[in-house]
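Visitor: Pasting in a structure now, in structure tokens, and then I'll have a few things to ask.
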Amino acid sequence: MEAEVEGEGIGEPDMFEYFVGSVAPGWKSTYSPCGGDRATLGVYVRRHGRDVSSFFDRWVDKFKRMKGLSNLRIGEMKTGGDPIATIPNQMVADGIMLTGGASGQSGIGYSIHGGKMCGKVAAESIQEANTSSRFLSRYSRMWAKEYRTEYYLGRMALETLRKMDDSEINSMMEVFKQEDLSFLQGSSLQKALQVSLFMLKKKPSSLLGFSAFLRNR
Ligand SMILES: Cc1cc2nc3c(=O)[nH]c(=O)nc-3n(C[C@H](O)[C@H](O)[C@H](O)COP(=O)(O)OP(=O)(O)OC[C@H]3O[C@@H](n4cnc5c(N)ncnc54)[C@H](O)[C@@H]3O)c2cc1C
């Protein structure tokens with residue numbers, strides 16, 4: 001659930017702000033400055049039904065307190081689904097390929113890259129006059145090689161975050177405060193291992209946060 005809001009100077013900052021934890025269980029709440037007095041506020045909540053207006057209202061209250069605003073005009077509310085870290089299933093069949101949001105390839109950059117792979121195989125299939133699912137599955141194999149591990153890791157991370165409480169999230173985030181993480185290089189699996197090693201070195205107990213993944217919530 002998202003809305004455009006108006007308040008004095010709230011559109012001016014250069015940076016977006018994202019918050020995770022009980023303010024928006026399962027994903028994030030957002031503040032996106034749009035210039036001048038305009039911004040959007042949003043909550044992205046999982047496993048709490050389709051009406052997430054109570055979370056939105058709490059986020060607006062918190063935002064007003066954080067920014068010291070007494071007046072905030074709330075515009076039209078928009079609701080919908082954000083395919084964050086969904087795991088794409090079937091992407092091809094005879095004569096058809098799905099890409100981007102339609103196939104659950106969450107995120108703008110991921111959708112653009114998925115679309116490029118899809119377009120490449122579409123061109124090859126036309127060149128070879130073969131649009132069978134067997135031929136088109138070149139595309140799903142190409143996608144899986146590039147992204148499947150990353151999507152599973154992303155899904156696990158999101159589920160872990162959903163199951164952690166705010167104090168656990170805060171204490172885990174402390175580990176990364178003021179740190180330059182540009183040393184993270186390589187595949188998503190390599191980066192995940194490097195992050196774990198970094199946490200182990202800096203504050204071994206912070207790794208316990210990962211055990212939230214096993215909670216039945
Ligand atoms: C609220 C929200 C917040 C998000 N935030 C982020 C973010 O911060 N960062 C990020 O990377 N990703 C974010 N995403 C995900 C991102 O928007 C999508 O991954 C991306 O837009 C997918 O691009 P796409 O071109 O595949 O599909 P879309 O952008 O959904 O485009 C599909 C287009 O096809 C049109 N269409 C549908 N059916 C037909 C039809 N029958 N005929 C003609 N046209 C049709 C639609 O109107 C639409 O314009 C967010 C998504 C949502 C919903």
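Each chain of the structure tokens is named A, B, ... in the order shown, its residues numbered from 1; ligands are numbered from 1 in display order.
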Kindly work out which residues sit at most 12 Å from ligand 1, using only C-alpha atoms and all ligand atoms, and give the list as a ChimeraX atom specification.
Guide: /A:1-3,16-18,27-32,40-45,77-86,98-116,118
Visitor: Would you please extract all helix (DSSP H, G or I) residues from region 111-214 of chain A, as assigned by DSSP on the backbone, and give them as number ranges by chain?
Guide: A: 111-127, 133-163, 166-174, 188-202, 204-214
Visitor: When you draw a straight line from CA of Lys120 (chain A) to CA of Arg134 (chain A), how long is it in Å?
Guide: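 CA of Arg134 (chain A) lies 15.5 Å from CA of Lys120 (chain A).
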Visitor: With distances taken over only C-alpha atoms, which of A:Ser206, A:Asn170, A:Ser53, A:Gln90 is nearest to Trp143 (chain A)?
Guide: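 Result for the nearest residue to Trp143 (chain A): A:Gln90.
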Visitor: Mind listing the strand (DSSP E) residues of region 52-112 of chain A, per DSSP on the backbone, as a count of residues only?
Guide: 10
Visitor: If we count only C-alpha atoms, what is near Arg47 (chain A) at a cut-off of 12 Å, once residues fewer than 6 positions away on the same chain are taken out, given as a list in words?
Guide: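 In the requested form, the answer reads Ala24, Pro25, Gly26, Trp27, Glu159, Arg162, Lys163 and Arg217 of chain A.
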Visitor: For CA of Asp94 (chain A) and CA of Leu136 (chain A), quote the distance in Å rounded to one decimal.
Guide: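 Rounded to one decimal, the two atoms are 7.8 Å apart.
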Visitor: For a test of reading the model, state the distance in Å between CA of Gly35 (chain A) and CA of Lys67 (chain A), rounded to one decimal.
Guide: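 Taking CA of Gly35 (chain A) as the start and CA of Lys67 (chain A) as the end point, the length is 16.0 Å.
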Visitor: I need the residue nearest Leu208 (chain A) from this list: A:Glu6, A:Met142, A:Thr160, A:Lys191. Use only C-alpha atoms for the distance.
Guide: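 Of the candidates, the smallest distance to Leu208 (chain A) is held by A:Thr160.
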Visitor: Skipping near chain neighbours, those fewer than 5 positions away, what residues fall within 8 Å of Leu207 (chain A) using only C-alpha atoms, listed as a ChimeraX atom specification?
Guide: /A:172,196,199-200
Visitor: Would you mind exporting N, CA, C and O atoms of the selected residues as a compact mmCIF listing (two decimals), in the first residue's frame?
Guide:
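Contents of again_30.txt, as written:
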```txt
# COMPACT_ATOMS: atom_id res chain seq x y z
N MET A 172 21.73 -7.07 14.65
CA MET A 172 22.46 -7.56 13.47
C MET A 172 22.98 -6.40 12.62
O MET A 172 24.12 -6.40 12.15
N SER A 196 28.91 -13.65 5.77
CA SER A 196 28.87 -14.50 6.98
C SER A 196 30.22 -14.48 7.68
O SER A 196 30.31 -14.40 8.90
N MET A 199 30.75 -11.21 9.47
CA MET A 199 29.98 -11.16 10.72
C MET A 199 30.64 -12.03 11.79
O MET A 199 30.70 -11.65 12.95
N LEU A 200 31.12 -13.17 11.35
CA LEU A 200 31.77 -14.09 12.29
C LEU A 200 33.00 -13.43 12.91
O LEU A 200 33.24 -13.54 14.11
```
